file run16.pdb (PDB, C-alpha atoms)
ATOM      1  CA  ILE A   1      20.785  17.807  -3.203
ATOM      2  CA  PHE A   2      22.529  14.504  -2.646
ATOM      3  CA  GLN A   3      25.682  13.579  -4.525
ATOM      4  CA  LEU A   4      25.107  10.038  -5.752
ATOM      5  CA  ASN A   5      28.530   9.089  -7.035
ATOM      6  CA  PRO A   6      30.968   7.789  -6.046
ATOM      7  CA  GLN A   7      29.041   5.625  -3.568
ATOM      8  CA  THR A   8      32.164   4.543  -1.742
ATOM      9  CA  GLN A   9      32.994   8.136  -0.820
ATOM     10  CA  ILE A  10      29.540   8.654   0.675
ATOM     11  CA  LYS A  11      29.752   5.416   2.652
ATOM     12  CA  MET A  12      33.154   6.353   4.019
ATOM     13  CA  LYS A  13      31.862   9.790   5.056
ATOM     14  CA  PHE A  14      28.908   8.138   6.781
ATOM     15  CA  VAL A  15      31.124   5.692   8.685
ATOM     16  CA  ASN A  16      33.559   8.418   9.710
ATOM     17  CA  SER A  17      30.712  10.661  10.835
ATOM     18  CA  ALA A  18      29.110   7.835  12.805
ATOM     19  CA  LEU A  19      32.376   7.023  14.561
ATOM     20  CA  PHE A  20      32.968  10.712  15.304
ATOM     21  CA  PHE A  21      29.472  11.109  16.717
ATOM     22  CA  LEU A  22      29.776   8.005  18.928
ATOM     23  CA  ALA A  23      33.156   9.086  20.216
ATOM     24  CA  ALA A  24      31.904  12.584  20.974
ATOM     25  CA  ALA A  25      28.818  11.235  22.723
ATOM     26  CA  SER A  26      30.836   8.873  24.943
ATOM     27  CA  THR A  27      33.241  11.664  25.908
ATOM     28  CA  ALA A  28      30.503  14.184  26.634
ATOM     29  CA  SER A  29      28.559  11.769  28.836
ATOM     30  CA  ALA A  30      31.188  12.085  31.573
ATOM     31  CA  PHE A  31      30.577  15.825  31.864
ATOM     32  CA  VAL A  32      26.947  16.420  30.919
ATOM     33  CA  PRO A  33      24.170  15.401  33.332
ATOM     34  CA  ALA A  34      21.708  12.826  32.068
ATOM     35  CA  PRO A  35      18.547  14.424  30.625
ATOM     36  CA  GLN A  36      15.597  14.584  32.981
ATOM     37  CA  PHE A  37      12.491  12.491  32.444
ATOM     38  CA  GLY A  38      10.357  13.916  29.666
ATOM     39  CA  VAL A  39      13.109  16.147  28.290
ATOM     40  CA  ARG A  40      14.674  15.223  24.953
ATOM     41  CA  ALA A  41      18.417  15.828  24.787
ATOM     42  CA  PRO A  42      19.430  17.960  21.761
ATOM     43  CA  VAL A  43      21.108  16.031  18.961
ATOM     44  CA  ALA A  44      23.500  17.847  16.662
ATOM     45  CA  PRO A  45      23.391  16.984  12.924
ATOM     46  CA  SER A  46      26.133  14.587  11.872
ATOM     47  CA  ASN A  47      28.987  15.583   9.580
ATOM     48  CA  PHE A  48      27.464  13.263   6.968
ATOM     49  CA  GLU A  49      24.152  15.155   6.994
ATOM     50  CA  LEU A  50      25.881  18.530   6.771
ATOM     51  CA  GLU A  51      28.085  17.450   3.862
ATOM     52  CA  ALA A  52      25.517  15.464   1.870
ATOM     53  CA  LYS A  53      22.533  17.833   2.011
ATOM     54  CA  LYS A  54      22.820  21.064   0.072
ATOM     55  CA  SER A  55      20.661  23.356  -2.006
ATOM     56  CA  ILE A  56      21.456  24.150  -5.615
ATOM     57  CA  SER A  57      22.545  27.627  -4.540
ATOM     58  CA  ASP A  58      25.394  25.979  -2.608
ATOM     59  CA  LEU A  59      26.860  24.589  -5.832
ATOM     60  CA  ALA A  60      29.149  26.358  -8.258
ATOM     61  CA  ASP A  61      28.436  26.206 -11.980
ATOM     62  CA  ALA A  62      31.371  23.812 -12.338
ATOM     63  CA  ASP A  63      29.610  21.392  -9.971
ATOM     64  CA  LEU A  64      26.636  21.174 -12.342
ATOM     65  CA  LYS A  65      28.001  21.622 -15.849
ATOM     66  CA  GLY A  66      27.872  18.337 -17.741
ATOM     67  CA  LYS A  67      26.286  16.483 -14.807
ATOM     68  CA  LYS A  68      23.265  14.225 -15.060
ATOM     69  CA  VAL A  69      20.759  15.446 -12.465
ATOM     70  CA  LEU A  70      17.621  13.630 -11.287
ATOM     71  CA  VAL A  71      14.953  16.033 -10.003
ATOM     72  CA  ARG A  72      12.130  14.583  -7.917
ATOM     73  CA  ALA A  73       9.234  16.951  -8.618
ATOM     74  CA  ASP A  74       5.585  16.895  -7.651
ATOM     75  CA  LEU A  75       3.701  16.695 -10.949
ATOM     76  CA  ASN A  76       0.606  15.058  -9.476
ATOM     77  CA  VAL A  77      -1.706  17.422 -11.346
ATOM     78  CA  PRO A  78      -5.486  17.108 -11.776
ATOM     79  CA  LEU A  79      -6.544  15.785 -15.158
ATOM     80  CA  ASP A  80      -9.743  15.739 -17.146
ATOM     81  CA  GLY A  81      -8.916  12.881 -19.466
ATOM     82  CA  LYS A  82      -5.637  14.043 -20.994
ATOM     83  CA  ILE A  83      -6.229  17.732 -20.210
ATOM     84  CA  ILE A  84      -4.431  19.305 -17.244
ATOM     85  CA  THR A  85      -6.979  21.405 -15.360
ATOM     86  CA  ASP A  86      -4.471  23.065 -13.019
ATOM     87  CA  ASP A  87      -0.762  23.265 -13.886
ATOM     88  CA  THR A  88       0.340  24.970 -10.652
ATOM     89  CA  ARG A  89       2.578  22.123  -9.552
ATOM     90  CA  ILE A  90       4.322  22.016 -12.918
ATOM     91  CA  ARG A  91       4.908  25.770 -12.920
ATOM     92  CA  ARG A  92       6.327  25.629  -9.399
ATOM     93  CA  SER A  93       8.948  23.129 -10.517
ATOM     94  CA  MET A  94      10.176  25.416 -13.314
ATOM     95  CA  PRO A  95      12.594  27.643 -11.320
ATOM     96  CA  THR A  96      14.645  24.667 -10.158
ATOM     97  CA  ILE A  97      14.696  23.035 -13.591
ATOM     98  CA  GLU A  98      15.557  26.304 -15.349
ATOM     99  CA  ASN A  99      18.369  26.977 -12.873
ATOM    100  CA  LEU A 100      19.939  23.595 -13.503
ATOM    101  CA  VAL A 101      19.530  23.858 -17.275
ATOM    102  CA  SER A 102      21.073  27.342 -17.379
ATOM    103  CA  ARG A 103      24.151  25.994 -15.600
ATOM    104  CA  GLY A 104      24.794  23.192 -18.064
ATOM    105  CA  ALA A 105      23.194  20.223 -16.339
ATOM    106  CA  THR A 106      21.271  17.453 -18.080
ATOM    107  CA  VAL A 107      17.981  17.219 -16.186
ATOM    108  CA  ALA A 108      15.650  14.268 -15.828
ATOM    109  CA  VAL A 109      12.473  14.816 -13.831
ATOM    110  CA  CYS A 110      10.602  12.057 -12.048
ATOM    111  CA  SER A 111       7.227  12.112 -10.309
ATOM    112  CA  HIS A 112       4.190  10.052  -9.462
ATOM    113  CA  LEU A 113       0.711  10.731 -10.818
ATOM    114  CA  GLY A 114      -2.431   9.380  -9.188
ATOM    115  CA  ARG A 115      -2.757   5.850  -7.866
ATOM    116  CA  PRO A 116      -2.417   3.559 -10.883
ATOM    117  CA  LYS A 117      -3.108  -0.141 -10.694
ATOM    118  CA  ASP A 118      -1.704  -2.847 -12.944
ATOM    119  CA  GLY A 119      -2.921  -2.967 -16.515
ATOM    120  CA  PRO A 120      -2.628  -1.077 -19.807
ATOM    121  CA  GLU A 121      -5.716   1.082 -19.149
ATOM    122  CA  ASP A 122      -4.232   2.575 -15.996
ATOM    123  CA  ARG A 123      -0.858   3.055 -17.686
ATOM    124  CA  ALA A 124      -2.571   5.152 -20.348
ATOM    125  CA  LYS A 125      -4.739   7.021 -17.830
ATOM    126  CA  PHE A 126      -1.885   7.934 -15.475
ATOM    127  CA  SER A 127       0.893   8.543 -17.985
ATOM    128  CA  LEU A 128       2.898  11.722 -17.463
ATOM    129  CA  HIS A 129       2.660  12.522 -21.187
ATOM    130  CA  PRO A 130       0.425  15.610 -20.643
ATOM    131  CA  CYS A 131       2.965  16.901 -18.109
ATOM    132  CA  ALA A 132       5.817  16.480 -20.585
ATOM    133  CA  LEU A 133       3.892  18.541 -23.153
ATOM    134  CA  ARG A 134       3.136  21.301 -20.640
ATOM    135  CA  MET A 135       6.722  21.385 -19.367
ATOM    136  CA  GLY A 136       7.894  21.766 -22.959
ATOM    137  CA  GLU A 137       5.569  24.718 -23.454
ATOM    138  CA  LEU A 138       6.818  26.441 -20.291
ATOM    139  CA  LEU A 139      10.484  25.764 -21.059
ATOM    140  CA  ARG A 140      10.027  26.524 -24.771
ATOM    141  CA  LYS A 141      11.913  23.370 -25.715
ATOM    142  CA  GLU A 142      11.173  19.714 -26.274
ATOM    143  CA  VAL A 143      10.814  17.598 -23.145
ATOM    144  CA  LYS A 144      11.059  13.939 -24.064
ATOM    145  CA  LEU A 145       8.998  11.442 -22.100
ATOM    146  CA  ALA A 146      10.932   8.282 -21.291
ATOM    147  CA  PRO A 147       9.032   4.983 -21.605
ATOM    148  CA  ASP A 148       9.784   4.139 -17.957
ATOM    149  CA  CYS A 149      11.668   5.560 -14.986
ATOM    150  CA  VAL A 150      14.251   2.757 -14.761
ATOM    151  CA  GLY A 151      15.909   0.292 -17.104
ATOM    152  CA  ALA A 152      18.383   0.080 -19.948
ATOM    153  CA  GLU A 153      16.310   2.167 -22.389
ATOM    154  CA  VAL A 154      15.998   4.989 -19.857
ATOM    155  CA  SER A 155      19.728   4.875 -19.107
ATOM    156  CA  ALA A 156      20.462   5.075 -22.828
ATOM    157  CA  LEU A 157      18.221   8.139 -23.248
ATOM    158  CA  ILE A 158      19.898   9.891 -20.337
ATOM    159  CA  GLY A 159      23.346   8.974 -21.592
ATOM    160  CA  ALA A 160      22.572  10.403 -25.037
ATOM    161  CA  ALA A 161      21.088  13.646 -23.682
ATOM    162  CA  GLY A 162      23.251  16.742 -23.853
ATOM    163  CA  GLU A 163      23.854  19.706 -21.597
ATOM    164  CA  GLY A 164      20.672  21.681 -21.049
ATOM    165  CA  ASP A 165      18.376  18.880 -22.192
ATOM    166  CA  VAL A 166      15.306  18.000 -20.115
ATOM    167  CA  LEU A 167      13.633  14.605 -19.959
ATOM    168  CA  LEU A 168      10.607  13.432 -18.011
ATOM    169  CA  LEU A 169      10.665   9.895 -16.643
ATOM    170  CA  GLU A 170       7.414   7.956 -16.675
ATOM    171  CA  ASN A 171       5.210   7.633 -13.569
ATOM    172  CA  THR A 172       7.207   6.138 -10.672
ATOM    173  CA  ARG A 173       4.049   4.478  -9.332
ATOM    174  CA  PHE A 174       3.905   2.224 -12.371
ATOM    175  CA  HIS A 175       6.350   0.214 -10.258
ATOM    176  CA  GLY A 176       3.799  -0.156  -7.469
ATOM    177  CA  LYS A 177       5.189  -1.492  -4.227
ATOM    178  CA  GLU A 178       8.784  -0.983  -5.347
ATOM    179  CA  GLU A 179       8.095   2.742  -5.157
ATOM    180  CA  THR A 180       5.509   3.019  -2.382
ATOM    181  CA  GLN A 181       7.264   0.588  -0.028
ATOM    182  CA  ASN A 182      10.594   2.342  -0.469
ATOM    183  CA  GLU A 183      12.501  -0.653  -1.821
ATOM    184  CA  GLU A 184      16.233   0.026  -1.789
ATOM    185  CA  ALA A 185      16.933  -1.945  -4.958
ATOM    186  CA  PHE A 186      14.429   0.172  -6.901
ATOM    187  CA  ALA A 187      15.937   3.400  -5.518
ATOM    188  CA  GLU A 188      19.371   2.236  -6.667
ATOM    189  CA  ARG A 189      18.069   1.498 -10.178
ATOM    190  CA  LEU A 190      16.406   4.908 -10.319
ATOM    191  CA  ALA A 191      19.583   6.700  -9.204
ATOM    192  CA  ALA A 192      22.040   4.664 -11.292
ATOM    193  CA  PRO A 193      22.342   6.934 -14.392
ATOM    194  CA  PHE A 194      22.737  10.153 -12.392
ATOM    195  CA  ASP A 195      25.427  12.181 -10.668
ATOM    196  CA  LEU A 196      23.164  14.302  -8.465
ATOM    197  CA  TYR A 197      19.684  14.083  -6.952
ATOM    198  CA  VAL A 198      17.516  17.134  -6.224
ATOM    199  CA  ASN A 199      14.349  16.766  -4.159
ATOM    200  CA  ASP A 200      12.045  19.571  -5.282
ATOM    201  CA  ALA A 201       8.816  17.786  -4.322
ATOM    202  CA  PHE A 202       8.068  19.564  -1.047
ATOM    203  CA  GLY A 203       4.461  18.377  -1.024
ATOM    204  CA  THR A 204       5.464  14.709  -1.121
ATOM    205  CA  ALA A 205       8.815  14.831   0.716
ATOM    206  CA  HIS A 206       7.176  13.367   3.830
ATOM    207  CA  ARG A 207       6.398  10.095   2.053
ATOM    208  CA  ALA A 208       8.797   7.195   2.628
ATOM    209  CA  HIS A 209       8.877   6.316  -1.076
ATOM    210  CA  ALA A 210      11.861   5.131  -3.056
ATOM    211  CA  SER A 211      12.008   8.169  -5.369
TER     212      SER A 211
END

call {"tool": "encode", "arguments": {"input": "run16.pdb", "output": "structure tokens"}}
result
Amino acid sequence: IFQLNPQTQIKMKFVNSALFFLAAASTASAFVPAPQFGVRAPVAPSNFELEAKKSISDLADADLKGKKVLVRADLNVPLDGKIITDDTRIRRSMPTIENLVSRGATVAVCSHLGRPKDGPEDRAKFSLHPCALRMGELLRKEVKLAPDCVGAEVSALIGAAGEGDVLLLENTRFHGKEETQNEEAFAERLAAPFDLYVNDAFGTAHRAHAS
């Protein structure tokens, strides 16, 4: 989990951690022998990493109640037309979503699906609409599909959603290179309506994508 707001607080923590790490490194260099050739010196995690990265079990209910939470899931399921042929990835995302919902968070889920190209045919083919329907069945509640994953209309939907509501944002890859080339401006637009970010997409966490 990464706390997204306020941004200034995160930046200050990062700067302080960087300064602390540099100061510690310069002090230690006078006492620790230089690493031998071919041996990588151990690097301790920075204070910023330790403070910013948490799991949902680290958070109290008060940390989640009333918060807008963006969950990056892996909903890249196989489809036969509009029929999901294997919903394993959707079902595996349920424990995290249910945990957040039960603790009073408003949850919006984002994911990619396939490799869409530009054009209305691909937007229809790779829409996450079947995933929204299946998530609703598993959660036994309506899961609204947003028309996009960023923009004013999406922000309005998230702002109007109440505690315990679940929304599914439309395919992040509809934004092509903005997503797959990890553009910072797109990541900021995606994160803007939210208080917290949860990465639950273990199978795609290695990708350097904006979401």

call {"tool": "atom_distance", "arguments": {"input": "run16.pdb", "atom1": "CA of Asp200 (chain A)", "atom2": "CA of Ala105 (chain A)"}}
result
15.7 Å

call {"tool": "residues_around", "arguments": {"input": "run16.pdb", "residues": "region 125-139 of chain A", "least_positions_apart": "4", "cutoff": "8 Å", "atoms": "only C-alpha atoms", "output": "count of residues only"}}
result
20

call {"tool": "atom_distance", "arguments": {"input": "run16.pdb", "atom1": "CA of Leu157 (chain A)", "atom2": "CA of His175 (chain A)"}}
result
19.3 Å

call {"tool": "resolve_selection", "arguments": {"input": "run16.pdb", "expression": "the PyMOL selection byres ((chain A and resi 77) around 7)", "output": "list in words"}}
result
Leu75, Asn76, Pro78, Leu79, Ile84, Asp86, Asp87 and Arg89 of chain A

call {"tool": "atom_distance", "arguments": {"input": "run16.pdb", "atom1": "CA of Leu169 (chain A)", "atom2": "CA of Ala146 (chain A)"}}
result
4.9 Å

call {"tool": "resolve_selection", "arguments": {"input": "run16.pdb", "expression": "the PyMOL selection byres ((chain A and resi 56) around 10)", "output": "list in words"}}
result
Ile1, Lys53, Lys54, Ser55, Ser57, Asp58, Leu59, Ala60, Asp61, Asp63, Leu64, Thr96, Asn99, Leu100 and Val198 of chain A

call {"tool": "closest_residue", "arguments": {"input": "run16.pdb", "among": "A:Leu196, A:Ala205, A:Arg140, A:Thr85", "to": "Asp165 (chain A)", "atoms": "only C-alpha atoms"}}
result
A:Arg140

call {"tool": "closest_residue", "arguments": {"input": "run16.pdb", "among": "A:Ile97, A:Val69, A:Val154, A:Cys149", "to": "Arg173 (chain A)", "atoms": "all atoms listed in the file"}}
result
A:Cys149

call {"tool": "closest_residue", "arguments": {"input": "run16.pdb", "among": "A:Asp118, A:Leu70, A:Leu167, A:Arg123", "to": "Ser211 (chain A)", "atoms": "all atoms listed in the file"}}
result
A:Leu70

call {"tool": "closest_residue", "arguments": {"input": "run16.pdb", "among": "A:Gly104, A:Phe194, A:Phe186, A:Ala124", "to": "Gly159 (chain A)", "atoms": "all atoms listed in the file"}}
result
A:Phe194

call {"tool": "resolve_selection", "arguments": {"input": "run16.pdb", "expression": "the PyMOL selection byres ((chain A and resi 110) around 6)", "output": "list in words"}}
result
Arg72, Val109, Ser111 and Leu169 of chain A
